[in-house]
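Visitor: This is query.cif, which holds mmCIF, C-alpha atoms and all ligand atoms:
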data_run
#
loop_
_atom_site.group_PDB
_atom_site.id
_atom_site.type_symbol
_atom_site.label_atom_id
_atom_site.label_comp_id
_atom_site.auth_asym_id
_atom_site.auth_seq_id
_atom_site.Cartn_x
_atom_site.Cartn_y
_atom_site.Cartn_z
ATOM 1 C CA MET Q 141 108.345 84.361 78.311
ATOM 2 C CA GLY Q 142 111.080 83.877 80.907
ATOM 3 C CA LEU Q 143 111.291 87.571 81.807
ATOM 4 C CA PHE Q 144 107.488 87.853 81.905
ATOM 5 C CA LYS Q 145 107.266 84.826 84.212
ATOM 6 C CA THR Q 146 109.953 86.289 86.449
ATOM 7 C CA ILE Q 147 108.159 89.640 86.643
ATOM 8 C CA VAL Q 148 104.809 88.032 87.513
ATOM 9 C CA LEU Q 149 105.981 85.244 89.795
ATOM 10 C CA GLY Q 150 109.217 86.705 91.088
ATOM 11 C CA ARG Q 151 112.635 85.136 91.071
ATOM 12 C CA PRO Q 152 112.821 81.368 91.677
ATOM 13 C CA ASN Q 153 114.221 81.920 95.181
ATOM 14 C CA GLY Q 154 112.513 85.262 95.745
ATOM 15 C CA LEU Q 155 109.949 86.351 98.277
ATOM 16 C CA ARG Q 156 106.869 86.074 96.058
ATOM 17 C CA ARG Q 157 107.552 82.487 95.024
ATOM 18 C CA THR Q 158 108.445 81.512 98.571
ATOM 19 C CA LEU Q 159 105.221 83.017 99.880
ATOM 20 C CA ALA Q 160 103.160 81.502 97.076
ATOM 21 C CA GLY Q 161 104.656 78.114 97.870
ATOM 22 C CA LYS Q 162 104.020 78.461 101.593
ATOM 23 C CA LEU Q 163 100.442 79.516 100.942
ATOM 24 C CA GLY Q 164 99.857 76.729 98.416
ATOM 25 C CA LEU Q 165 99.382 79.126 95.503
ATOM 26 C CA GLY Q 166 101.592 77.322 93.049
ATOM 27 C CA GLY Q 167 104.949 78.832 93.932
ATOM 28 C CA ALA Q 168 107.707 76.734 95.442
ATOM 29 C CA GLY Q 169 105.203 74.451 97.213
ATOM 30 C CA PRO Q 170 103.396 71.385 95.879
ATOM 31 C CA ALA Q 171 102.671 71.378 92.154
ATOM 32 C CA ALA Q 172 99.287 72.652 91.026
ATOM 33 C CA GLY Q 173 96.807 69.804 91.026
ATOM 34 C CA SER Q 174 98.850 67.850 93.569
ATOM 35 C CA SER Q 175 96.858 66.030 96.249
ATOM 36 C CA GLU Q 176 99.597 66.939 98.724
ATOM 37 C CA PRO Q 177 98.385 69.725 101.035
ATOM 38 C CA PRO Q 178 100.434 72.890 101.140
ATOM 39 C CA ALA Q 179 103.045 72.777 103.880
ATOM 40 C CA VAL Q 180 101.562 75.790 105.626
ATOM 41 C CA MET Q 181 97.972 76.879 105.285
ATOM 42 C CA HIS Q 182 97.430 79.488 107.955
ATOM 43 C CA GLU Q 183 100.904 80.553 108.934
ATOM 44 C CA PRO Q 184 100.947 84.166 110.118
ATOM 45 C CA ALA Q 185 102.310 86.419 107.418
ATOM 46 C CA GLU Q 186 105.123 87.537 109.679
ATOM 47 C CA ARG Q 187 106.501 84.022 109.940
ATOM 48 C CA ALA Q 188 106.082 83.409 106.215
ATOM 49 C CA LEU Q 189 108.136 86.542 105.615
ATOM 50 C CA GLY Q 190 110.803 85.398 108.040
ATOM 51 C CA LEU Q 191 109.964 88.136 110.528
ATOM 52 C CA ARG Q 192 110.654 87.262 114.156
ATOM 53 C CA LYS Q 193 107.728 89.022 115.768
ATOM 54 C CA GLU Q 194 104.143 89.668 114.821
ATOM 55 C CA ALA Q 195 103.080 93.231 114.203
ATOM 56 C CA PRO Q 196 101.694 94.613 117.478
ATOM 57 C CA LYS Q 197 97.922 94.439 117.635
ATOM 58 C CA ASP Q 198 97.561 96.637 120.721
ATOM 59 C CA VAL Q 199 98.765 99.812 119.037
ATOM 60 C CA THR Q 200 96.504 102.487 117.645
ATOM 61 C CA PRO Q 201 98.319 103.937 114.636
ATOM 62 C CA PRO Q 202 98.146 107.658 113.900
ATOM 63 C CA ASP Q 203 95.303 108.792 111.634
ATOM 64 C CA GLY Q 204 95.749 107.407 108.133
ATOM 65 C CA PHE Q 205 98.608 105.080 109.123
ATOM 66 C CA GLU Q 206 98.617 101.297 109.284
ATOM 67 C CA VAL Q 207 100.754 99.066 111.464
ATOM 68 C CA VAL Q 208 103.012 97.123 109.106
ATOM 69 C CA LEU Q 209 105.498 95.328 111.345
ATOM 70 C CA HIS Q 210 107.077 95.018 114.776
ATOM 71 C CA LYS Q 211 110.083 97.335 115.015
ATOM 72 C CA ASP Q 212 112.329 94.494 116.216
ATOM 73 C CA SER Q 213 111.405 92.269 113.268
ATOM 74 C CA LEU Q 214 113.589 93.978 110.720
ATOM 75 C CA ASP Q 215 117.289 94.205 111.522
ATOM 76 C CA PRO Q 216 119.267 97.353 110.669
ATOM 77 C CA GLY Q 217 120.550 97.141 107.110
ATOM 78 C CA LYS Q 218 117.575 95.069 105.929
ATOM 79 C CA ILE Q 219 114.706 95.827 103.565
ATOM 80 C CA ILE Q 220 111.546 93.801 103.063
ATOM 81 C CA GLU Q 221 108.513 93.734 100.804
ATOM 82 C CA ILE Q 222 105.194 94.209 102.592
ATOM 83 C CA ILE Q 223 101.745 94.354 101.069
ATOM 84 C CA ILE Q 224 99.228 96.632 102.736
ATOM 85 C CA GLY Q 225 95.811 97.335 101.318
ATOM 86 C CA GLY Q 226 96.798 95.555 98.112
ATOM 87 C CA THR Q 227 99.813 97.828 97.588
ATOM 88 C CA ALA Q 228 103.343 96.441 97.716
ATOM 89 C CA ILE Q 229 105.807 98.637 99.555
ATOM 90 C CA ALA Q 230 109.393 98.143 100.640
ATOM 91 C CA VAL Q 231 110.226 98.941 104.269
ATOM 92 C CA ALA Q 232 113.870 99.536 105.177
ATOM 93 C CA ASN Q 233 115.662 99.765 108.511
ATOM 94 C CA VAL Q 234 118.625 102.143 108.303
ATOM 95 C CA ASP Q 235 120.397 102.081 111.673
ATOM 96 C CA GLY Q 236 117.080 102.005 113.495
ATOM 97 C CA ALA Q 237 115.315 104.564 111.307
ATOM 98 C CA TYR Q 238 112.532 103.135 109.155
ATOM 99 C CA TYR Q 239 111.721 104.214 105.617
ATOM 100 C CA ALA Q 240 108.995 103.090 103.234
ATOM 101 C CA ILE Q 241 109.145 103.357 99.459
ATOM 102 C CA SER Q 242 107.313 101.847 96.538
ATOM 103 C CA ASN Q 243 108.266 98.223 96.001
ATOM 104 C CA THR Q 244 108.227 98.738 92.235
ATOM 105 C CA CYS Q 245 111.432 99.713 90.474
ATOM 106 C CA ALA Q 246 110.999 102.464 87.881
ATOM 107 C CA HIS Q 247 113.050 100.508 85.330
ATOM 108 C CA ALA Q 248 111.097 97.295 84.814
ATOM 109 C CA ALA Q 249 109.056 96.845 87.992
ATOM 110 C CA GLY Q 250 111.639 94.855 89.911
ATOM 111 C CA PRO Q 251 110.780 94.188 93.585
ATOM 112 C CA LEU Q 252 112.864 96.663 95.589
ATOM 113 C CA GLY Q 253 111.914 94.909 98.833
ATOM 114 C CA GLU Q 254 113.935 91.935 97.578
ATOM 115 C CA GLY Q 255 116.914 94.139 96.852
ATOM 116 C CA SER Q 256 120.000 94.744 98.943
ATOM 117 C CA LEU Q 257 120.411 97.717 101.259
ATOM 118 C CA GLU Q 258 123.688 99.497 101.944
ATOM 119 C CA GLY Q 259 123.349 102.584 104.071
ATOM 120 C CA THR Q 260 120.328 104.377 102.639
ATOM 121 C CA ILE Q 261 120.738 102.921 99.138
ATOM 122 C CA VAL Q 262 118.695 99.971 97.932
ATOM 123 C CA THR Q 263 119.821 98.122 94.832
ATOM 124 C CA CYS Q 264 117.131 96.549 92.642
ATOM 125 C CA PRO Q 265 117.645 92.777 92.375
ATOM 126 C CA TYR Q 266 116.839 92.720 88.647
ATOM 127 C CA HIS Q 267 119.272 95.083 86.933
ATOM 128 C CA GLY Q 268 120.922 97.036 89.709
ATOM 129 C CA TRP Q 269 119.261 100.430 89.623
ATOM 130 C CA GLN Q 270 119.797 102.171 92.941
ATOM 131 C CA TYR Q 271 117.481 104.345 95.023
ATOM 132 C CA ASP Q 272 117.841 106.357 98.215
ATOM 133 C CA VAL Q 273 115.165 105.080 100.600
ATOM 134 C CA ARG Q 274 114.978 108.504 102.311
ATOM 135 C CA ASP Q 275 113.519 110.315 99.318
ATOM 136 C CA GLY Q 276 113.031 107.675 96.610
ATOM 137 C CA ALA Q 277 115.565 109.381 94.329
ATOM 138 C CA CYS Q 278 117.141 107.115 91.755
ATOM 139 C CA LYS Q 279 120.927 107.259 91.880
ATOM 140 C CA THR Q 280 121.281 105.424 88.565
ATOM 141 C CA HIS Q 281 119.156 107.771 86.437
ATOM 142 C CA ALA Q 282 118.718 111.429 87.349
ATOM 143 C CA ASN Q 283 115.157 112.778 87.446
ATOM 144 C CA THR Q 284 113.746 109.346 88.257
ATOM 145 C CA LYS Q 285 112.087 108.584 91.589
ATOM 146 C CA VAL Q 286 109.918 106.030 93.277
ATOM 147 C CA SER Q 287 107.192 106.983 95.734
ATOM 148 C CA THR Q 288 107.967 107.305 99.411
ATOM 149 C CA TYR Q 289 105.526 106.926 102.283
ATOM 150 C CA PRO Q 290 105.498 108.565 105.728
ATOM 151 C CA VAL Q 291 106.589 106.265 108.559
ATOM 152 C CA GLN Q 292 105.995 106.647 112.301
ATOM 153 C CA VAL Q 293 107.046 104.286 115.066
ATOM 154 C CA VAL Q 294 104.458 103.999 117.826
ATOM 155 C CA GLY Q 295 105.599 101.831 120.709
ATOM 156 C CA ASN Q 296 106.925 98.723 119.013
ATOM 157 C CA ALA Q 297 104.900 99.244 115.853
ATOM 158 C CA VAL Q 298 106.233 100.568 112.564
ATOM 159 C CA CYS Q 299 103.334 102.403 110.951
ATOM 160 C CA VAL Q 300 103.104 103.566 107.338
ATOM 161 C CA ARG Q 301 100.673 105.911 105.592
ATOM 162 C CA LEU Q 302 99.961 105.124 101.953
HETATM 163 S S1 LIG Q 401 113.779 96.297 87.188
HETATM 164 FE FE1 LIG Q 401 115.624 96.745 86.149
HETATM 165 S S2 LIG Q 401 116.820 97.733 87.648
HETATM 166 FE FE2 LIG Q 401 114.955 97.377 88.648
#
Could you write out this structure as structure tokens?

Guide:
Amino acid sequence: MGLFKTIVLGRPNGLRRTLAGKLGLGGAGPAAGSSEPPAVMHEPAERALGLRKEAPKDVTPPDGFEVVLHKDSLDPGKIIEIIIGGTAIAVANVDGAYYAISNTCAHAAGPLGEGSLEGTIVTCPYHGWQYDVRDGACKTHANTKVSTYPVQVVGNAVCVRL
């Protein structure tokens, strides 16, 4: 049950539980059934994620792309989980170049956007499988990959095509 709970709800101090708590969905916030209102009801997603700037709204993304974040929101060497159109992706900043891959680890669906990034390699927070964010190739198990998504930066907007 513990592993199942972790897979569904995320790690106790992970992004999904933090967001669920901030949005009053039963994560790290008030207990379900509590009369205490959630700490934050309508906080912009960027702030809930710890991003410094909102995604630009004055940018027209290329055909098929969506604006996912402000380019100055994600420091070099960082990776973050972002949900667009109901799909969780992980967006990484490698020395100013942005890459987007599936957020779901091929091993047991760990959240790669909550992993650690060194160079172009992200390490899954669950069991340590490693992937190259440039092509999704798994460095831990040959012939295993996760999906990658095209990224374009338009003005200050990082845009991704699913
Ligand atoms: S879920 Fe096991 S290494 Fe990613």

Visitor: Neighbours of ligand LIG 401 (chain Q) at 6 Å or closer, counting only C-alpha atoms and all ligand atoms: which residues, as a VMD selection string?

Guide: chain Q and resid 245 247 to 250 264 266 to 269

Visitor: Name the residues in contact with Ala230 in chain Q at a cut-off of 7 Å, using all atoms listed in the file, excluding same-chain residues fewer than 2 positions from it; report them as a ChimeraX atom specification.

Guide: /Q:219-222,228,232,240-243,252-253

Visitor: Give, as lines of an AutoDock Vina configuration file, the centre coordinates and the x, y and z edge lengths in Å to one decimal for an axis-aligned box around all listed atoms of range 197-213 of chain Q, padded by 6 Å on each side.

Guide:
center_x = 103.8
center_y = 100.5
center_z = 114.4
size_x = 29.0
size_y = 28.5
size_z = 24.6

Visitor: Mind running range 199-247 of chain Q against range 279-301 of chain Q at 9 Å and telling me each contacting residue's nearest atom pair with the distance in Å (one decimal), counting only C-alpha atoms, chain and number ascending, as a Markdown table?

Guide:
| residue | atom | partner | partner_atom | distance |
| --- | --- | --- | --- | --- |
| Q:Val199 | CA | Q:Ala297 | CA | 6.9 |
| Q:Thr200 | CA | Q:Val294 | CA | 8.1 |
| Q:Pro201 | CA | Q:Cys299 | CA | 6.4 |
| Q:Pro202 | CA | Q:Cys299 | CA | 8.0 |
| Q:Asp203 | CA | Q:Arg301 | CA | 8.6 |
| Q:Gly204 | CA | Q:Arg301 | CA | 5.7 |
| Q:Phe205 | CA | Q:Arg301 | CA | 4.2 |
| Q:Glu206 | CA | Q:Cys299 | CA | 5.1 |
| Q:Val207 | CA | Q:Cys299 | CA | 4.2 |
| Q:Val208 | CA | Q:Cys299 | CA | 5.6 |
| Q:Leu209 | CA | Q:Val298 | CA | 5.4 |
| Q:His210 | CA | Q:Ala297 | CA | 4.9 |
| Q:Lys211 | CA | Q:Asn296 | CA | 5.3 |
| Q:Asp212 | CA | Q:Asn296 | CA | 7.4 |
| Q:Ile229 | CA | Q:Tyr289 | CA | 8.7 |
| Q:Tyr238 | CA | Q:Val291 | CA | 6.7 |
| Q:Tyr239 | CA | Q:Val291 | CA | 6.3 |
| Q:Ala240 | CA | Q:Tyr289 | CA | 5.3 |
| Q:Ile241 | CA | Q:Thr288 | CA | 4.1 |
| Q:Ser242 | CA | Q:Ser287 | CA | 5.2 |
| Q:Asn243 | CA | Q:Val286 | CA | 8.4 |
| Q:Thr244 | CA | Q:Val286 | CA | 7.6 |
| Q:Cys245 | CA | Q:Val286 | CA | 7.1 |
| Q:Ala246 | CA | Q:Val286 | CA | 6.6 |

Visitor: Find the distance between CA of Leu302 in chain Q and CA of Ser213 in chain Q and write it in Å to one decimal.

Guide: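 CA of Ser213 in chain Q lies at a distance of 20.6 Å from CA of Leu302 in chain Q.
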
Visitor: I'd like to know which of Q:Gly236, Q:Lys193, Q:Asp198, Q:Val231 is closest to Asp215 in chain Q, using only C-alpha atoms.

Guide: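 Of Q:Gly236, Q:Lys193, Q:Asp198, Q:Val231, the one nearest Asp215 in chain Q, counting only C-alpha atoms, is Q:Gly236.
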
Visitor: What's the separation between CA of Thr260 in chain Q and CA of Gly217 in chain Q, in Å to one decimal place?

Guide: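 These two atoms are separated by 8.5 Å.
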
Visitor: Figure out the distance between CA of Lys197 in chain Q and CA of Pro216 in chain Q, please, to one decimal in Å.

Guide: 22.6 Å

Visitor: Ranking Q:Gln270, Q:Pro196, Q:Gly225, Q:Gly276 by minimum distance to Glu258 in chain Q and counting all atoms listed in the file, which one comes first?

Guide: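 That would be Q:Gln270, the residue with the smallest distance to Glu258 in chain Q.
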
Visitor: Please determine, counting all atoms listed in the file, which residue among Q:Ala237, Q:Ala195, Q:Cys278, Q:Val273 has the shortest atom-to-atom distance to Leu257 in chain Q.

Guide: Q:Val273
